[in-house]
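Below is structure_0.pdb, which holds PDB, C-alpha atoms.
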ATOM      1  CA  MET A1358      29.734  -6.305  24.002
ATOM      2  CA  TYR A1359      26.189  -6.688  22.801
ATOM      3  CA  LYS A1360      23.132  -4.508  23.170
ATOM      4  CA  VAL A1361      19.976  -6.580  23.051
ATOM      5  CA  LYS A1362      16.509  -5.093  22.720
ATOM      6  CA  VAL A1363      13.747  -7.424  23.830
ATOM      7  CA  TYR A1364      10.079  -6.811  23.081
ATOM      8  CA  VAL A1365       7.542  -8.878  24.999
ATOM      9  CA  THR A1366       3.921  -8.690  23.916
ATOM     10  CA  LEU A1367       0.767 -10.485  24.955
ATOM     11  CA  ARG A1368      -0.413 -13.036  22.430
ATOM     12  CA  GLU A1369      -3.205 -11.850  20.150
ATOM     13  CA  SER A1370      -5.723 -14.192  21.738
ATOM     14  CA  VAL A1371      -5.055 -12.967  25.292
ATOM     15  CA  LEU A1372      -7.160 -10.130  26.691
ATOM     16  CA  ASP A1373      -5.200  -7.005  27.629
ATOM     17  CA  PRO A1374      -7.091  -5.193  30.423
ATOM     18  CA  GLN A1375      -4.248  -2.688  30.886
ATOM     19  CA  GLY A1376      -4.463  -1.760  27.201
ATOM     20  CA  THR A1377      -8.240  -1.443  27.443
ATOM     21  CA  ALA A1378      -7.865   0.892  30.444
ATOM     22  CA  VAL A1379      -5.418   3.074  28.502
ATOM     23  CA  LYS A1380      -7.746   3.098  25.489
ATOM     24  CA  ASN A1381     -10.660   4.218  27.667
ATOM     25  CA  SER A1382      -8.521   6.954  29.227
ATOM     26  CA  LEU A1383      -7.556   8.154  25.759
ATOM     27  CA  HIS A1384     -11.217   8.258  24.747
ATOM     28  CA  SER A1385     -11.950  10.353  27.874
ATOM     29  CA  LEU A1386      -9.192  12.711  26.745
ATOM     30  CA  ASN A1387     -10.977  13.039  23.372
ATOM     31  CA  TYR A1388      -8.664  10.842  21.333
ATOM     32  CA  SER A1389     -11.543   8.816  19.978
ATOM     33  CA  GLU A1390      -9.533   7.926  16.862
ATOM     34  CA  VAL A1391      -7.508   5.460  18.932
ATOM     35  CA  ALA A1392      -9.133   2.151  18.085
ATOM     36  CA  ASP A1393      -6.963  -0.230  20.071
ATOM     37  CA  VAL A1394      -4.081  -0.278  22.547
ATOM     38  CA  ARG A1395      -1.917  -3.283  23.436
ATOM     39  CA  ILE A1396       0.686  -2.982  26.131
ATOM     40  CA  GLY A1397       3.913  -4.912  26.321
ATOM     41  CA  LYS A1398       7.339  -4.729  27.848
ATOM     42  CA  TYR A1399      10.551  -3.442  26.382
ATOM     43  CA  MET A1400      13.916  -4.385  27.837
ATOM     44  CA  GLU A1401      17.449  -3.423  26.972
ATOM     45  CA  LEU A1402      20.137  -5.882  28.021
ATOM     46  CA  THR A1403      23.852  -5.252  27.877
ATOM     47  CA  ILE A1404      25.732  -8.517  27.511
ATOM     48  CA  GLY A1405      29.483  -8.619  27.994
ATOM     49  CA  GLU A1406      31.980 -10.806  26.173
ATOM     50  CA  THR A1407      31.085 -14.466  26.384
ATOM     51  CA  ASP A1408      32.148 -17.770  24.799
ATOM     52  CA  ARG A1409      28.567 -18.872  24.356
ATOM     53  CA  ASP A1410      26.307 -17.894  21.495
ATOM     54  CA  VAL A1411      24.491 -14.657  22.381
ATOM     55  CA  GLU A1412      21.331 -15.659  20.554
ATOM     56  CA  THR A1413      21.114 -18.872  22.585
ATOM     57  CA  ILE A1414      21.616 -16.917  25.804
ATOM     58  CA  VAL A1415      18.911 -14.397  24.918
ATOM     59  CA  ASN A1416      16.447 -17.131  23.958
ATOM     60  CA  GLU A1417      17.065 -18.910  27.260
ATOM     61  CA  ILE A1418      16.748 -15.707  29.282
ATOM     62  CA  CYS A1419      13.466 -14.811  27.582
ATOM     63  CA  ASP A1420      11.996 -18.274  28.064
ATOM     64  CA  ARG A1421      13.118 -18.598  31.666
ATOM     65  CA  LEU A1422      12.649 -15.110  33.071
ATOM     66  CA  LEU A1423      11.601 -12.251  30.834
ATOM     67  CA  ALA A1424       8.505 -13.636  29.138
ATOM     68  CA  ASN A1425       5.774 -16.037  30.105
ATOM     69  CA  PRO A1426       5.645 -18.253  27.004
ATOM     70  CA  VAL A1427       2.111 -19.392  27.825
ATOM     71  CA  ILE A1428       0.568 -15.975  27.216
ATOM     72  CA  GLU A1429       3.364 -13.851  25.767
ATOM     73  CA  ASP A1430       5.424 -13.690  22.609
ATOM     74  CA  TYR A1431       8.832 -12.142  22.422
ATOM     75  CA  ARG A1432      11.205 -10.914  19.769
ATOM     76  CA  TYR A1433      14.614  -9.349  20.045
ATOM     77  CA  GLU A1434      17.319  -7.494  18.186
ATOM     78  CA  ILE A1435      20.979  -8.119  18.923
ATOM     79  CA  GLU A1436      23.456  -5.372  18.134
ATOM     80  CA  GLU A1437      27.182  -5.884  18.554
ATOM     81  CA  CYS A1438      28.980  -2.826  19.794
ATOM     82  CA  VAL A1439      32.589  -2.039  20.409
ATOM     83  CA  ALA A1440      33.475  -1.593  24.083
ATOM     84  CA  GLN A1441      34.722   1.905  24.774
TER
ATOM     85  CA  MET B1431      -5.435   3.194   9.594
ATOM     86  CA  TYR B1432      -2.158   3.540  11.391
ATOM     87  CA  LYS B1433      -0.204   1.168  13.575
ATOM     88  CA  VAL B1434       1.952   3.070  16.040
ATOM     89  CA  LYS B1435       4.666   1.450  18.134
ATOM     90  CA  VAL B1436       5.636   3.479  21.176
ATOM     91  CA  TYR B1437       8.744   2.769  23.248
ATOM     92  CA  VAL B1438       8.990   4.442  26.641
ATOM     93  CA  THR B1439      12.290   4.196  28.500
ATOM     94  CA  LEU B1440      13.616   5.674  31.711
ATOM     95  CA  ARG B1441      16.116   8.462  31.163
ATOM     96  CA  GLU B1442      19.750   7.416  31.471
ATOM     97  CA  SER B1443      20.203   9.391  34.680
ATOM     98  CA  VAL B1444      17.252   7.760  36.443
ATOM     99  CA  LEU B1445      17.850   4.641  38.545
ATOM    100  CA  ASP B1446      16.015   1.547  37.380
ATOM    101  CA  PRO B1447      15.389  -0.708  40.400
ATOM    102  CA  GLN B1448      13.241  -3.090  38.363
ATOM    103  CA  GLY B1449      16.096  -3.548  35.895
ATOM    104  CA  THR B1450      18.545  -4.118  38.743
ATOM    105  CA  ALA B1451      16.246  -6.777  40.208
ATOM    106  CA  VAL B1452      16.076  -8.559  36.844
ATOM    107  CA  LYS B1453      19.857  -8.349  36.464
ATOM    108  CA  ASN B1454      20.358  -9.883  39.913
ATOM    109  CA  SER B1455      17.902 -12.669  39.089
ATOM    110  CA  LEU B1456      19.803 -13.371  35.872
ATOM    111  CA  HIS B1457      23.057 -13.553  37.818
ATOM    112  CA  SER B1458      21.430 -16.056  40.210
ATOM    113  CA  LEU B1459      20.451 -18.096  37.146
ATOM    114  CA  ASN B1460      24.147 -18.097  36.104
ATOM    115  CA  TYR B1461      23.903 -15.542  33.319
ATOM    116  CA  SER B1462      26.752 -13.515  34.741
ATOM    117  CA  GLU B1463      27.577 -12.132  31.286
ATOM    118  CA  VAL B1464      24.546  -9.837  31.536
ATOM    119  CA  ALA B1465      26.097  -6.528  32.556
ATOM    120  CA  ASP B1466      23.037  -4.312  32.649
ATOM    121  CA  VAL B1467      19.264  -4.411  32.256
ATOM    122  CA  ARG B1468      16.959  -1.446  31.681
ATOM    123  CA  ILE B1469      13.227  -1.941  31.598
ATOM    124  CA  GLY B1470      10.776   0.136  29.650
ATOM    125  CA  LYS B1471       7.319  -0.050  28.199
ATOM    126  CA  TYR B1472       6.218  -0.964  24.722
ATOM    127  CA  MET B1473       2.808  -0.021  23.406
ATOM    128  CA  GLU B1474       1.031  -0.692  20.140
ATOM    129  CA  LEU B1475      -1.710   1.757  19.216
ATOM    130  CA  THR B1476      -4.130   1.350  16.354
ATOM    131  CA  ILE B1477      -5.349   4.716  15.159
ATOM    132  CA  GLY B1478      -8.279   4.976  12.787
ATOM    133  CA  GLU B1479      -8.815   7.492  10.018
ATOM    134  CA  THR B1480      -8.565  11.056  11.278
ATOM    135  CA  ASP B1481      -8.340  14.580   9.859
ATOM    136  CA  ARG B1482      -5.589  15.551  12.270
ATOM    137  CA  ASP B1483      -1.919  14.804  11.836
ATOM    138  CA  VAL B1484      -1.141  11.404  13.330
ATOM    139  CA  GLU B1485       2.314  12.449  14.513
ATOM    140  CA  THR B1486       0.805  15.362  16.459
ATOM    141  CA  ILE B1487      -1.743  13.052  18.028
ATOM    142  CA  VAL B1488       0.899  10.510  19.063
ATOM    143  CA  ASN B1489       3.139  13.209  20.550
ATOM    144  CA  GLU B1490       0.238  14.597  22.566
ATOM    145  CA  ILE B1491      -0.830  11.150  23.768
ATOM    146  CA  CYS B1492       2.715  10.298  24.872
ATOM    147  CA  ASP B1493       3.184  13.593  26.701
ATOM    148  CA  ARG B1494      -0.195  13.502  28.389
ATOM    149  CA  LEU B1495      -0.695   9.853  29.238
ATOM    150  CA  LEU B1496       1.792   7.243  28.113
ATOM    151  CA  ALA B1497       5.076   8.673  29.372
ATOM    152  CA  ASN B1498       6.136  10.789  32.308
ATOM    153  CA  PRO B1499       8.351  13.362  30.567
ATOM    154  CA  VAL B1500      10.119  14.182  33.823
ATOM    155  CA  ILE B1501      11.813  10.792  34.081
ATOM    156  CA  GLU B1502      11.044   9.036  30.812
ATOM    157  CA  ASP B1503      11.904   9.391  27.152
ATOM    158  CA  TYR B1504       9.780   8.057  24.358
ATOM    159  CA  ARG B1505      10.129   7.320  20.710
ATOM    160  CA  TYR B1506       7.669   5.909  18.219
ATOM    161  CA  GLU B1507       7.242   4.449  14.771
ATOM    162  CA  ILE B1508       4.158   5.162  12.698
ATOM    163  CA  GLU B1509       3.161   2.692  10.034
ATOM    164  CA  GLU B1510       0.272   3.336   7.699
ATOM    165  CA  CYS B1511      -1.691   0.251   6.827
ATOM    166  CA  VAL B1512      -4.575  -0.403   4.537
ATOM    167  CA  ALA B1513      -7.810  -1.276   6.322
ATOM    168  CA  GLN B1514      -9.011  -4.764   5.436
TER
END
Give the structure from the file, written as structure tokens.
Amino acid sequence: MYKVKVYVTLRESVLDPQGTAVKNSLHSLNYSEVADVRIGKYMELTIGETDRDVETIVNEICDRLLANPVIEDYRYEIEECVAQ
Amino acid sequence: MYKVKVYVTLRESVLDPQGTAVKNSLHSLNYSEVADVRIGKYMELTIGETDRDVETIVNEICDRLLANPVIEDYRYEIEECVAQ
């Protein structure tokens, strides 16, 4: 069994209005030291035993469903764990 | 300057309908080896120079704005970086 952590972030060049809104809220709450906020997605997948290569599967999944490769980057960590 | 990475996840006991929807989509795409999906948020904060303790600030920000402590857990990594 594998635990996969996927991080999807907007590319640097893409505006992040959600992050800007959070930054402005933080400034209203008097956290003026916060200079920038970028918001992304974090996903944890549990992948069962498979004959295929897990890295290939995760790359395909990210490209096809989890991230929009036009405006987002993704990275992931794969951790093998023993089924209990 | 500090780069802070914040990960917000739903607590284990809380249902994650968004994750279930993604899992079902993956099954429709023939990734039946995916046993579970949990979806969270990932945020990158840039915090400028400050007299206060950065860890205290990040804890306060997470409790007050970024996470809902009733149903979500958060963890973070603080990285000090030299301003360019």
Both chains have the same sequence, so superpose chain B on chain A over all Cα atoms paired in order and return it as a JSON list (two decimals) with C-alpha atoms, in the coordinates of the input.
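Output (out-v6.json):
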[["chain", "number", "residue", "atom", "x", "y", "z"],
["B", 1431, "MET", "CA", 29.73, -6.29, 23.99],
["B", 1432, "TYR", "CA", 26.19, -6.68, 22.80],
["B", 1433, "LYS", "CA", 23.14, -4.50, 23.18],
["B", 1434, "VAL", "CA", 19.97, -6.58, 23.05],
["B", 1435, "LYS", "CA", 16.50, -5.09, 22.73],
["B", 1436, "VAL", "CA", 13.75, -7.43, 23.84],
["B", 1437, "TYR", "CA", 10.07, -6.82, 23.09],
["B", 1438, "VAL", "CA", 7.54, -8.90, 25.01],
["B", 1439, "THR", "CA", 3.91, -8.71, 23.92],
["B", 1440, "LEU", "CA", 0.76, -10.51, 24.96],
["B", 1441, "ARG", "CA", -0.42, -13.06, 22.43],
["B", 1442, "GLU", "CA", -3.21, -11.86, 20.15],
["B", 1443, "SER", "CA", -5.73, -14.20, 21.75],
["B", 1444, "VAL", "CA", -5.06, -12.98, 25.29],
["B", 1445, "LEU", "CA", -7.16, -10.12, 26.68],
["B", 1446, "ASP", "CA", -5.22, -7.01, 27.61],
["B", 1447, "PRO", "CA", -7.09, -5.20, 30.40],
["B", 1448, "GLN", "CA", -4.26, -2.70, 30.87],
["B", 1449, "GLY", "CA", -4.48, -1.77, 27.19],
["B", 1450, "THR", "CA", -8.25, -1.43, 27.43],
["B", 1451, "ALA", "CA", -7.87, 0.89, 30.43],
["B", 1452, "VAL", "CA", -5.42, 3.07, 28.49],
["B", 1453, "LYS", "CA", -7.74, 3.12, 25.48],
["B", 1454, "ASN", "CA", -10.66, 4.23, 27.66],
["B", 1455, "SER", "CA", -8.52, 6.95, 29.23],
["B", 1456, "LEU", "CA", -7.55, 8.16, 25.75],
["B", 1457, "HIS", "CA", -11.21, 8.28, 24.75],
["B", 1458, "SER", "CA", -11.95, 10.36, 27.87],
["B", 1459, "LEU", "CA", -9.17, 12.72, 26.76],
["B", 1460, "ASN", "CA", -10.97, 13.06, 23.38],
["B", 1461, "TYR", "CA", -8.65, 10.87, 21.34],
["B", 1462, "SER", "CA", -11.54, 8.84, 19.99],
["B", 1463, "GLU", "CA", -9.54, 7.95, 16.87],
["B", 1464, "VAL", "CA", -7.50, 5.48, 18.93],
["B", 1465, "ALA", "CA", -9.13, 2.16, 18.08],
["B", 1466, "ASP", "CA", -6.96, -0.22, 20.07],
["B", 1467, "VAL", "CA", -4.08, -0.28, 22.54],
["B", 1468, "ARG", "CA", -1.92, -3.27, 23.43],
["B", 1469, "ILE", "CA", 0.69, -2.97, 26.14],
["B", 1470, "GLY", "CA", 3.90, -4.92, 26.31],
["B", 1471, "LYS", "CA", 7.32, -4.74, 27.85],
["B", 1472, "TYR", "CA", 10.54, -3.45, 26.39],
["B", 1473, "MET", "CA", 13.90, -4.41, 27.84],
["B", 1474, "GLU", "CA", 17.44, -3.43, 26.99],
["B", 1475, "LEU", "CA", 20.14, -5.89, 28.03],
["B", 1476, "THR", "CA", 23.85, -5.25, 27.88],
["B", 1477, "ILE", "CA", 25.74, -8.50, 27.52],
["B", 1478, "GLY", "CA", 29.48, -8.62, 27.98],
["B", 1479, "GLU", "CA", 31.99, -10.79, 26.17],
["B", 1480, "THR", "CA", 31.10, -14.46, 26.39],
["B", 1481, "ASP", "CA", 32.16, -17.76, 24.81],
["B", 1482, "ARG", "CA", 28.58, -18.88, 24.34],
["B", 1483, "ASP", "CA", 26.32, -17.88, 21.49],
["B", 1484, "VAL", "CA", 24.52, -14.66, 22.38],
["B", 1485, "GLU", "CA", 21.34, -15.65, 20.56],
["B", 1486, "THR", "CA", 21.13, -18.87, 22.60],
["B", 1487, "ILE", "CA", 21.63, -16.92, 25.80],
["B", 1488, "VAL", "CA", 18.92, -14.39, 24.92],
["B", 1489, "ASN", "CA", 16.45, -17.13, 23.97],
["B", 1490, "GLU", "CA", 17.07, -18.92, 27.26],
["B", 1491, "ILE", "CA", 16.75, -15.72, 29.29],
["B", 1492, "CYS", "CA", 13.46, -14.82, 27.59],
["B", 1493, "ASP", "CA", 12.00, -18.29, 28.07],
["B", 1494, "ARG", "CA", 13.11, -18.60, 31.67],
["B", 1495, "LEU", "CA", 12.64, -15.12, 33.07],
["B", 1496, "LEU", "CA", 11.59, -12.26, 30.85],
["B", 1497, "ALA", "CA", 8.50, -13.65, 29.15],
["B", 1498, "ASN", "CA", 5.76, -16.06, 30.11],
["B", 1499, "PRO", "CA", 5.63, -18.27, 27.00],
["B", 1500, "VAL", "CA", 2.11, -19.40, 27.83],
["B", 1501, "ILE", "CA", 0.57, -15.98, 27.22],
["B", 1502, "GLU", "CA", 3.36, -13.87, 25.78],
["B", 1503, "ASP", "CA", 5.43, -13.70, 22.62],
["B", 1504, "TYR", "CA", 8.84, -12.14, 22.42],
["B", 1505, "ARG", "CA", 11.19, -10.93, 19.78],
["B", 1506, "TYR", "CA", 14.61, -9.35, 20.05],
["B", 1507, "GLU", "CA", 17.32, -7.49, 18.20],
["B", 1508, "ILE", "CA", 20.98, -8.10, 18.92],
["B", 1509, "GLU", "CA", 23.46, -5.37, 18.14],
["B", 1510, "GLU", "CA", 27.17, -5.87, 18.56],
["B", 1511, "CYS", "CA", 28.98, -2.82, 19.78],
["B", 1512, "VAL", "CA", 32.59, -2.04, 20.39],
["B", 1513, "ALA", "CA", 33.49, -1.58, 24.05],
["B", 1514, "GLN", "CA", 34.77, 1.92, 24.76]]
At a cut-off of 6 Å, list the chain A residues touching chain B, using only C-alpha atoms, as a PDB file with C-alpha atoms, in the coordinates of the input.
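Okay, part_34.pdb is ready:
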ATOM      1  CA  GLU A1390      -9.533   7.926  16.862  1.00  0.00           C
ATOM      2  CA  VAL A1391      -7.508   5.460  18.932  1.00  0.00           C
ATOM      3  CA  ALA A1392      -9.133   2.151  18.085  1.00  0.00           C
ATOM      4  CA  ASP A1393      -6.963  -0.230  20.071  1.00  0.00           C
ATOM      5  CA  VAL A1394      -4.081  -0.278  22.547  1.00  0.00           C
ATOM      6  CA  ARG A1395      -1.917  -3.283  23.436  1.00  0.00           C
ATOM      7  CA  ILE A1396       0.686  -2.982  26.131  1.00  0.00           C
ATOM      8  CA  GLY A1397       3.913  -4.912  26.321  1.00  0.00           C
ATOM      9  CA  LYS A1398       7.339  -4.729  27.848  1.00  0.00           C
ATOM     10  CA  TYR A1399      10.551  -3.442  26.382  1.00  0.00           C
ATOM     11  CA  MET A1400      13.916  -4.385  27.837  1.00  0.00           C
ATOM     12  CA  GLU A1401      17.449  -3.423  26.972  1.00  0.00           C
ATOM     13  CA  LEU A1402      20.137  -5.882  28.021  1.00  0.00           C
ATOM     14  CA  THR A1403      23.852  -5.252  27.877  1.00  0.00           C
ATOM     15  CA  ILE A1404      25.732  -8.517  27.511  1.00  0.00           C
ATOM     16  CA  GLY A1405      29.483  -8.619  27.994  1.00  0.00           C
TER      17      GLY A1405
END
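In this model, the gap between atom CA of Leu1445 of chain B and atom CA of Val1500 of chain B comes to 13.2 Å.
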If I wrap all listed atoms of segment 1408-1417 of chain A in a box with edges along x, y and z and add 5 Å on each side, what are its centre and edge lengths in Å to one decimal, as lines of an AutoDock Vina configuration file?
center_x = 24.3
center_y = -16.7
center_z = 23.9
size_x = 25.7
size_y = 14.5
size_z = 16.7
For this session: Measure the distance from atom CA of Glu1509 of chain B to atom CA of Glu1485 of chain B in Å and round it to one decimal.
Result: 10.8 Å
For this session: Could you tell me how far atom CA of Asp1503 of chain B lies from atom CA of Leu1440 of chain B, in Å and to one decimal?
Result: 6.1 Å
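Near (9.8, 10.8, 37.5), the residues inside the 10 Å limit, counting only C-alpha atoms, come to Leu1440, Arg1441, Val1444, Ala1497, Asn1498, Pro1499, Val1500, Ile1501 and Glu1502 of chain B.
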